[in-house]
>>> print(open('entry10.txt').read())   # compact mmCIF, C-alpha atoms
# COMPACT_ATOMS: atom_id res chain seq x y z
CA MET A 259 1.71 -20.49 19.51
CA LYS A 260 3.75 -19.40 22.53
CA GLN A 261 0.76 -17.47 23.90
CA PHE A 262 -1.45 -20.55 23.45
CA ILE A 263 1.03 -22.68 25.41
CA LEU A 264 1.08 -20.10 28.22
CA VAL A 265 -2.71 -20.03 28.37
CA LEU A 266 -2.85 -23.84 28.34
CA SER A 267 -0.28 -23.96 31.14
CA PHE A 268 -2.32 -21.50 33.16
CA PHE A 269 -5.46 -23.63 32.93
CA PHE A 270 -3.46 -26.76 33.75
CA ILE A 271 -2.05 -25.14 36.89
CA MET A 272 -5.45 -23.78 37.93
CA GLY A 273 -6.98 -27.22 37.38
CA ALA A 274 -4.33 -28.80 39.59
CA ILE A 275 -4.98 -26.26 42.34
CA SER A 276 -8.73 -26.84 42.06
CA ALA A 277 -8.22 -30.61 42.24
CA GLN A 278 -6.16 -30.25 45.41
CA ASN A 279 -9.02 -28.31 47.04
CA GLN A 280 -11.50 -31.11 46.40
CA SER A 281 -12.48 -33.13 49.43
CA ILE A 282 -14.28 -36.27 50.55
CA ILE A 283 -17.17 -35.86 52.99
CA MET A 284 -18.12 -38.95 54.95
CA ASP A 285 -20.49 -39.74 57.83
CA ILE A 286 -18.36 -41.15 60.63
CA TYR A 287 -20.93 -43.73 61.76
CA PRO A 288 -21.99 -46.26 59.09
CA GLY A 289 -25.16 -47.11 61.01
CA GLU A 290 -26.86 -45.92 64.18
CA ILE A 291 -25.40 -42.76 65.74
CA PRO A 292 -24.67 -43.38 69.44
CA PHE A 293 -26.32 -41.25 72.15
CA GLN A 294 -28.64 -39.68 69.55
CA LYS A 295 -32.30 -38.87 70.27
CA VAL A 296 -34.98 -38.44 67.63
CA SER A 297 -35.74 -34.72 67.33
CA GLN A 298 -36.73 -31.99 64.90
CA VAL A 299 -33.49 -30.05 65.47
CA LYS A 300 -31.63 -29.17 62.27
CA GLU A 301 -28.01 -28.27 61.68
CA VAL A 302 -27.36 -24.55 61.23
CA SER A 303 -24.52 -22.98 59.24
CA GLU A 304 -23.96 -19.22 59.40
CA VAL A 305 -21.31 -17.21 57.60
CA ASP A 306 -20.17 -13.88 59.04
CA GLY A 307 -16.51 -13.67 58.16
CA ILE A 308 -16.19 -17.15 59.71
CA THR A 309 -18.38 -20.17 58.96
CA ARG A 310 -20.04 -21.14 62.24
CA ILE A 311 -21.85 -24.47 62.43
CA SER A 312 -24.19 -25.39 65.28
CA ASN A 313 -26.70 -28.13 66.10
CA VAL A 314 -24.68 -30.81 64.29
CA GLN A 315 -26.89 -33.89 64.00
CA VAL A 316 -24.86 -36.13 61.68
CA PRO A 317 -21.14 -36.06 62.55
CA GLN A 318 -18.83 -36.19 59.55
CA ILE A 319 -15.25 -35.89 58.42
CA GLN A 320 -14.16 -33.78 55.47
CA VAL A 321 -10.98 -35.25 54.02
CA PHE A 322 -8.46 -33.13 52.13
CA LEU A 323 -5.69 -35.22 50.59
CA PRO A 324 -2.40 -33.89 49.19
CA ALA A 325 -1.14 -34.89 45.77
CA LYS A 326 0.35 -38.39 45.92
CA SER A 327 3.67 -37.09 44.64
CA SER A 328 4.06 -34.86 47.72
CA ALA A 329 2.26 -36.99 50.34
CA THR A 330 4.27 -37.70 53.50
CA GLY A 331 1.88 -40.38 54.74
CA GLN A 332 0.97 -38.22 57.74
CA ALA A 333 -2.59 -37.21 58.53
CA VAL A 334 -4.06 -34.75 61.03
CA ILE A 335 -7.66 -34.87 62.23
CA ILE A 336 -8.68 -31.30 63.05
CA CYS A 337 -11.16 -30.33 65.77
CA PRO A 338 -12.41 -26.75 65.28
CA GLY A 339 -13.07 -24.69 68.37
CA GLY A 340 -16.16 -22.79 69.45
CA GLY A 341 -16.67 -23.40 73.16
CA TYR A 342 -18.66 -26.62 72.57
CA GLY A 343 -21.41 -24.29 71.34
CA ILE A 344 -20.47 -23.84 67.68
CA LEU A 345 -17.71 -24.98 65.32
CA ALA A 346 -15.49 -22.35 63.70
CA TYR A 347 -15.50 -24.68 60.76
CA ASP A 348 -13.33 -22.88 58.20
CA TRP A 349 -11.19 -20.66 60.46
CA GLU A 350 -10.02 -23.57 62.64
CA GLY A 351 -10.90 -26.40 60.26
CA THR A 352 -10.86 -26.38 56.48
CA ASP A 353 -8.32 -23.52 56.27
CA ILE A 354 -5.96 -25.60 58.42
CA ALA A 355 -6.56 -28.73 56.32
CA LYS A 356 -5.63 -26.92 53.10
CA TRP A 357 -2.50 -25.51 54.72
CA LEU A 358 -1.49 -29.00 55.82
CA ASN A 359 -2.03 -30.26 52.24
CA SER A 360 0.55 -27.72 51.05
CA HIS A 361 3.05 -29.57 53.24
CA GLY A 362 2.09 -33.03 51.97
CA ILE A 363 -0.08 -33.86 54.99
CA ALA A 364 -3.66 -35.09 54.81
CA GLY A 365 -5.97 -32.67 56.62
CA ILE A 366 -9.22 -34.13 57.94
CA VAL A 367 -11.79 -31.83 59.52
CA LEU A 368 -14.06 -33.36 62.14
CA LYS A 369 -17.58 -31.97 62.26
CA TYR A 370 -18.39 -33.29 65.71
CA ARG A 371 -21.70 -33.03 67.54
CA LEU A 372 -22.02 -30.35 70.19
CA PRO A 373 -23.49 -31.33 73.58
CA SER A 374 -27.28 -31.03 73.74
CA ALA A 375 -29.73 -32.55 76.22
CA VAL A 376 -32.46 -32.05 73.63
CA THR A 377 -30.85 -34.26 70.98
CA GLN A 378 -28.56 -36.57 72.98
CA THR A 379 -28.85 -39.05 75.85
CA SER A 380 -25.35 -38.44 77.31
CA PRO A 381 -24.22 -35.06 75.97
CA HIS A 382 -20.94 -35.02 77.91
CA LEU A 383 -19.75 -38.18 76.12
CA VAL A 384 -20.79 -37.21 72.59
CA PRO A 385 -17.80 -35.13 71.34
CA MET A 386 -15.34 -37.70 72.68
CA SER A 387 -17.30 -40.53 71.03
CA ASP A 388 -17.26 -38.71 67.69
CA GLY A 389 -13.53 -38.01 67.96
CA GLN A 390 -12.65 -41.61 68.82
CA GLN A 391 -14.77 -42.85 65.92
CA ALA A 392 -13.07 -40.41 63.53
CA ILE A 393 -9.63 -41.72 64.45
CA ARG A 394 -10.76 -45.32 63.94
CA LEU A 395 -12.38 -44.42 60.61
CA VAL A 396 -9.27 -42.72 59.24
CA ARG A 397 -7.15 -45.73 60.24
CA HIS A 398 -9.67 -47.99 58.52
CA HIS A 399 -9.26 -46.00 55.27
CA ALA A 400 -5.52 -45.38 55.64
CA GLU A 401 -4.37 -47.53 52.74
CA GLU A 402 -7.07 -46.15 50.43
CA TRP A 403 -6.09 -42.56 51.29
CA ASN A 404 -2.32 -43.14 51.09
CA ILE A 405 -1.92 -42.57 54.84
CA ASP A 406 0.42 -44.37 57.22
CA PRO A 407 -1.88 -45.81 59.96
CA ASP A 408 0.87 -45.10 62.50
CA LYS A 409 1.11 -41.40 61.59
CA ILE A 410 -2.41 -40.18 62.35
CA GLY A 411 -2.51 -37.22 64.72
CA ILE A 412 -5.16 -35.04 66.31
CA MET A 413 -5.22 -31.24 66.32
CA GLY A 414 -7.57 -28.91 68.13
CA PHE A 415 -8.09 -25.24 68.85
CA SER A 416 -9.60 -23.80 72.04
CA ALA A 417 -12.51 -26.12 72.98
CA GLY A 418 -11.43 -28.25 70.02
CA GLY A 419 -8.11 -28.44 71.87
CA HIS A 420 -10.00 -29.80 74.84
CA LEU A 421 -11.51 -32.47 72.64
CA ALA A 422 -8.08 -33.24 71.12
CA SER A 423 -6.45 -33.52 74.56
CA THR A 424 -9.37 -35.71 75.66
CA LEU A 425 -8.68 -38.05 72.74
CA GLY A 426 -4.99 -38.11 73.69
CA THR A 427 -5.76 -39.16 77.26
CA HIS A 428 -8.86 -41.37 76.80
CA PHE A 429 -8.43 -44.07 74.16
CA ASP A 430 -8.32 -47.82 73.61
CA SER A 431 -6.63 -50.29 71.31
CA GLY A 432 -9.83 -51.34 69.52
CA ASN A 433 -12.11 -54.33 69.71
CA PRO A 434 -10.93 -57.11 67.36
CA GLY A 435 -14.10 -59.12 68.06
CA ALA A 436 -16.52 -56.41 66.93
CA ASP A 437 -18.74 -57.02 63.91
CA ASP A 438 -17.89 -53.57 62.55
CA PRO A 439 -14.30 -53.61 61.19
CA ILE A 440 -13.92 -49.90 61.98
CA LEU A 441 -14.13 -50.77 65.68
CA HIS A 442 -11.12 -53.09 65.29
CA GLN A 443 -8.94 -50.00 65.00
CA SER A 444 -7.21 -48.21 67.85
CA SER A 445 -8.57 -44.80 68.84
CA ARG A 446 -5.16 -43.57 70.06
CA PRO A 447 -3.78 -40.62 68.10
CA ASP A 448 -0.10 -40.94 67.21
CA PHE A 449 0.59 -37.29 68.09
CA MET A 450 -1.27 -34.20 69.30
CA ILE A 451 -1.18 -30.54 68.28
CA LEU A 452 -2.97 -28.22 70.70
CA GLY A 453 -3.62 -24.58 69.82
CA TYR A 454 -4.53 -22.29 72.75
CA PRO A 455 -6.40 -25.29 74.19
CA VAL A 456 -8.94 -25.59 76.94
CA VAL A 457 -7.47 -28.46 78.97
CA SER A 458 -8.77 -28.25 82.52
CA PHE A 459 -12.24 -27.90 84.03
CA ASN A 460 -10.75 -26.73 87.33
CA LYS A 461 -13.15 -23.91 88.21
CA THR A 462 -10.37 -21.51 89.26
CA PHE A 463 -9.07 -21.07 85.72
CA THR A 464 -11.24 -23.05 83.31
CA HIS A 465 -13.06 -21.62 80.29
CA ILE A 466 -16.45 -21.69 81.97
CA GLY A 467 -18.44 -21.62 78.72
CA SER A 468 -16.81 -24.80 77.45
CA ARG A 469 -17.24 -26.51 80.82
CA ASN A 470 -20.89 -25.53 81.13
CA ASN A 471 -21.69 -26.55 77.56
CA LEU A 472 -20.09 -29.99 77.99
CA LEU A 473 -20.96 -30.82 81.60
CA GLY A 474 -23.72 -28.42 82.61
CA GLU A 475 -23.64 -25.68 85.24
CA ASN A 476 -23.56 -28.07 88.22
CA PRO A 477 -21.46 -31.02 87.05
CA GLU A 478 -20.61 -34.10 89.08
CA ALA A 479 -17.10 -33.99 90.51
CA LYS A 480 -16.17 -37.27 88.78
CA TRP A 481 -16.79 -35.76 85.34
CA VAL A 482 -14.95 -32.56 86.18
CA SER A 483 -11.92 -34.69 87.02
CA TYR A 484 -12.41 -37.04 84.05
CA PHE A 485 -12.38 -34.14 81.59
CA SER A 486 -9.61 -32.18 83.32
CA ASN A 487 -7.11 -33.71 80.98
CA GLU A 488 -3.99 -32.57 82.81
CA GLU A 489 -5.10 -35.10 85.47
CA GLN A 490 -5.64 -37.88 82.93
CA ILE A 491 -2.24 -38.03 81.20
CA ARG A 492 -1.08 -41.64 80.83
CA ALA A 493 2.28 -43.22 80.14
CA ASP A 494 1.18 -43.85 76.55
CA THR A 495 -0.31 -40.41 75.87
CA PRO A 496 1.15 -39.40 72.49
CA PRO A 497 3.90 -36.82 71.87
CA THR A 498 2.44 -33.33 71.92
CA PHE A 499 3.07 -29.90 70.41
CA ILE A 500 1.40 -26.95 72.16
CA PHE A 501 1.15 -23.25 71.32
CA HIS A 502 -0.53 -20.50 73.31
CA SER A 503 -0.30 -16.76 73.99
CA GLN A 504 0.46 -15.29 77.38
CA ASP A 505 -2.10 -12.49 76.93
CA ASP A 506 -4.95 -14.94 76.22
CA THR A 507 -7.78 -13.81 78.51
CA GLY A 508 -10.30 -16.25 77.00
CA VAL A 509 -8.40 -19.44 77.82
CA PRO A 510 -5.56 -18.70 80.27
CA VAL A 511 -2.13 -19.96 79.31
CA LYS A 512 -2.17 -22.00 82.54
CA HIS A 513 -4.11 -24.69 80.65
CA SER A 514 -1.12 -25.33 78.39
CA LEU A 515 1.39 -24.99 81.22
CA MET A 516 -0.40 -27.59 83.34
CA PHE A 517 -0.70 -30.02 80.47
CA TYR A 518 2.95 -29.57 79.46
CA GLN A 519 4.05 -30.16 83.05
CA GLY A 520 2.01 -33.35 83.20
CA LEU A 521 3.55 -34.60 79.96
CA VAL A 522 7.07 -33.94 81.23
CA GLU A 523 6.33 -35.76 84.48
CA LYS A 524 5.32 -38.83 82.45
CA ASN A 525 8.42 -38.52 80.22
CA ILE A 526 6.29 -37.93 77.13
CA PRO A 527 8.00 -35.95 74.36
CA ALA A 528 6.51 -32.46 74.34
CA GLU A 529 7.23 -29.09 72.77
CA MET A 530 5.53 -25.86 73.79
CA HIS A 531 5.69 -22.41 72.21
CA LEU A 532 4.40 -19.45 74.23
CA TYR A 533 3.99 -16.06 72.62
CA PRO A 534 3.82 -12.82 74.61
CA LEU A 535 1.07 -11.45 72.33
CA GLY A 536 -1.69 -13.04 70.29
CA LYS A 537 -4.72 -13.20 72.59
CA HIS A 538 -7.15 -15.98 71.57
CA GLY A 539 -8.51 -17.61 68.45
CA TYR A 540 -5.90 -16.63 65.85
CA ALA A 541 -5.81 -19.95 63.93
CA LEU A 542 -3.22 -19.48 61.15
CA SER A 543 -2.62 -15.89 62.33
CA ILE A 544 -3.71 -14.40 59.00
CA ASN A 545 -4.24 -10.63 59.23
CA LYS A 546 -3.60 -10.71 62.96
CA GLU A 547 -1.19 -8.34 64.63
CA GLY A 548 1.22 -9.50 67.29
CA THR A 549 1.10 -13.21 66.46
>>> encode(input="entry10.txt", output="structure tokens")
Amino acid sequence: MKQFILVLSFFFIMGAISAQNQSIIMDIYPGEIPFQKVSQVKEVSEVDGITRISNVQVPQIQVFLPAKSSATGQAVIICPGGGYGILAYDWEGTDIAKWLNSHGIAGIVLKYRLPSAVTQTSPHLVPMSDGQQAIRLVRHHAEEWNIDPDKIGIMGFSAGGHLASTLGTHFDSGNPGADDPILHQSSRPDFMILGYPVVSFNKTFTHIGSRNNLLGENPEAKWVSYFSNEEQIRADTPPTFIFHSQDDTGVPVKHSLMFYQGLVEKNIPAEMHLYPLGKHGYALSINKEGT
């Protein structure tokens, strides 16, 4: 009898763990997708140690919710990195969401569209549009998902950090007159978490791949400035947590330093952790030396 109870307990525990790993996948636009062209391009997902997604055509969120008994009411929308060319979807996305769940925080992975002149009319505006819509959508579903609508943050890694910092510097309070109730919601994140982020498109230290993929090889000066987010910090930019490594040769630590300085100048609460070693792209730092 004792052995039976132990076996039953094991299956109960495993069932609970399995239930926690379940997720909700939702298209972020209920109707027409903005800036989208009709094309034959299909989404591609490749797995080689990391799941890499490219050619996203239908942007979505994947929602991982903690058990109600442990839920803090906080939620984090996660923007995986990949240089605006791919999404490191598990490494800097779903793995992070599951880790957040273990701390009672809803983790919501944003599968945003990557800039493409073939499939989009204004490629440089597409990731930002998808991110703003995701924030509005999560606020719209906050009560249903046991989330506090005033505790919804944004998190991003590398180029996903650029998107996150874009969302923290370019937002609005919503349109209460819109027919779509989702658009009534504010697109301002309540806090930001930036991991080894691309922040600036200043050509002297930018991550040129991210800049070229978003703006093209010969971008207009106005868009370089618009998406150099250290220049766009506002008085109501949300509190921010930043981490970066000093030996990062992919995205120089100067990106984080410039953004932190701008936050301090605007008296915005900010915390930054710089590590001497770590290089780039370490996510949760699993099986990585020096981080």
>>> closest_atom_pairs(input="entry10.txt", of="region 343-452 of chain A", to="region 332-335 of chain A", cutoff="7 Å", atoms="all atoms listed in the file", output="Markdown table")
| residue | atom | partner | partner_atom | distance |
| --- | --- | --- | --- | --- |
| A:Ile363 | CA | A:Gln332 | CA | 5.3 |
| A:Ala364 | CA | A:Ala333 | CA | 4.4 |
| A:Gly365 | CA | A:Val334 | CA | 5.2 |
| A:Ile366 | CA | A:Ile335 | CA | 4.6 |
| A:Val367 | CA | A:Ile335 | CA | 5.8 |
| A:Leu368 | CA | A:Ile335 | CA | 6.6 |
| A:Ile405 | CA | A:Gln332 | CA | 6.0 |
| A:Asp406 | CA | A:Gln332 | CA | 6.2 |
| A:Lys409 | CA | A:Gln332 | CA | 5.0 |
| A:Ile410 | CA | A:Ala333 | CA | 4.8 |
| A:Gly411 | CA | A:Val334 | CA | 4.7 |
| A:Ile412 | CA | A:Ile335 | CA | 4.8 |
| A:Met413 | CA | A:Ile335 | CA | 6.0 |
>>> residues_around(input="entry10.txt", residues="region 417-422 of chain A", least_positions_apart="3", cutoff="6 Å", atoms="only C-alpha atoms", output="PyMOL selection string")
chain A and resi 337-339+341+412-414+425+452+455-457
>>> closest_atom_pairs(input="entry10.txt", of="region 361-469 of chain A", to="region 297-303 of chain A", cutoff="10 Å", atoms="all atoms listed in the file", output="JSON lines")
{"residue": "A:Arg371", "atom": "CA", "partner": "A:Glu301", "partner_atom": "CA", "distance": 9.8}
{"residue": "A:Val376", "atom": "CA", "partner": "A:Ser297", "partner_atom": "CA", "distance": 7.6}
{"residue": "A:Thr377", "atom": "CA", "partner": "A:Ser297", "partner_atom": "CA", "distance": 6.1}
{"residue": "A:Gln378", "atom": "CA", "partner": "A:Ser297", "partner_atom": "CA", "distance": 9.3}
>>> atom_distance(input="entry10.txt", atom1="CA of Gly435 (chain A)", atom2="CA of His398 (chain A)")
15.3 Å
>>> residues_around(input="entry10.txt", residues="Asp353 (chain A)", least_positions_apart="6", cutoff="12 Å", atoms="all atoms listed in the file", output="ChimeraX atom specification")
/A:279,308-309,320,322,336,338,346-347,359-360,365-367,541-544
>>> closest_residue(input="entry10.txt", among="A:Val509, A:Leu395, A:Leu345, A:Val305", to="Asp438 (chain A)", atoms="only C-alpha atoms")
A:Leu395
>>> closest_residue(input="entry10.txt", among="A:Ser387, A:Thr424, A:Asn470, A:Ser458", to="Pro510 (chain A)", atoms="all atoms listed in the file")
A:Ser458
>>> residues_around(input="entry10.txt", residues="Pro317 (chain A)", least_positions_apart="4", cutoff="8 Å", atoms="all atoms listed in the file", output="list in words")
Asp285, Ile286, Tyr287, Leu368, Lys369, Tyr370, Arg371 and Asp388 of chain A
>>> closest_residue(input="entry10.txt", among="A:Tyr540, A:Trp481, A:Pro407, A:Trp349", to="Gly307 (chain A)", atoms="all atoms listed in the file")
A:Trp349
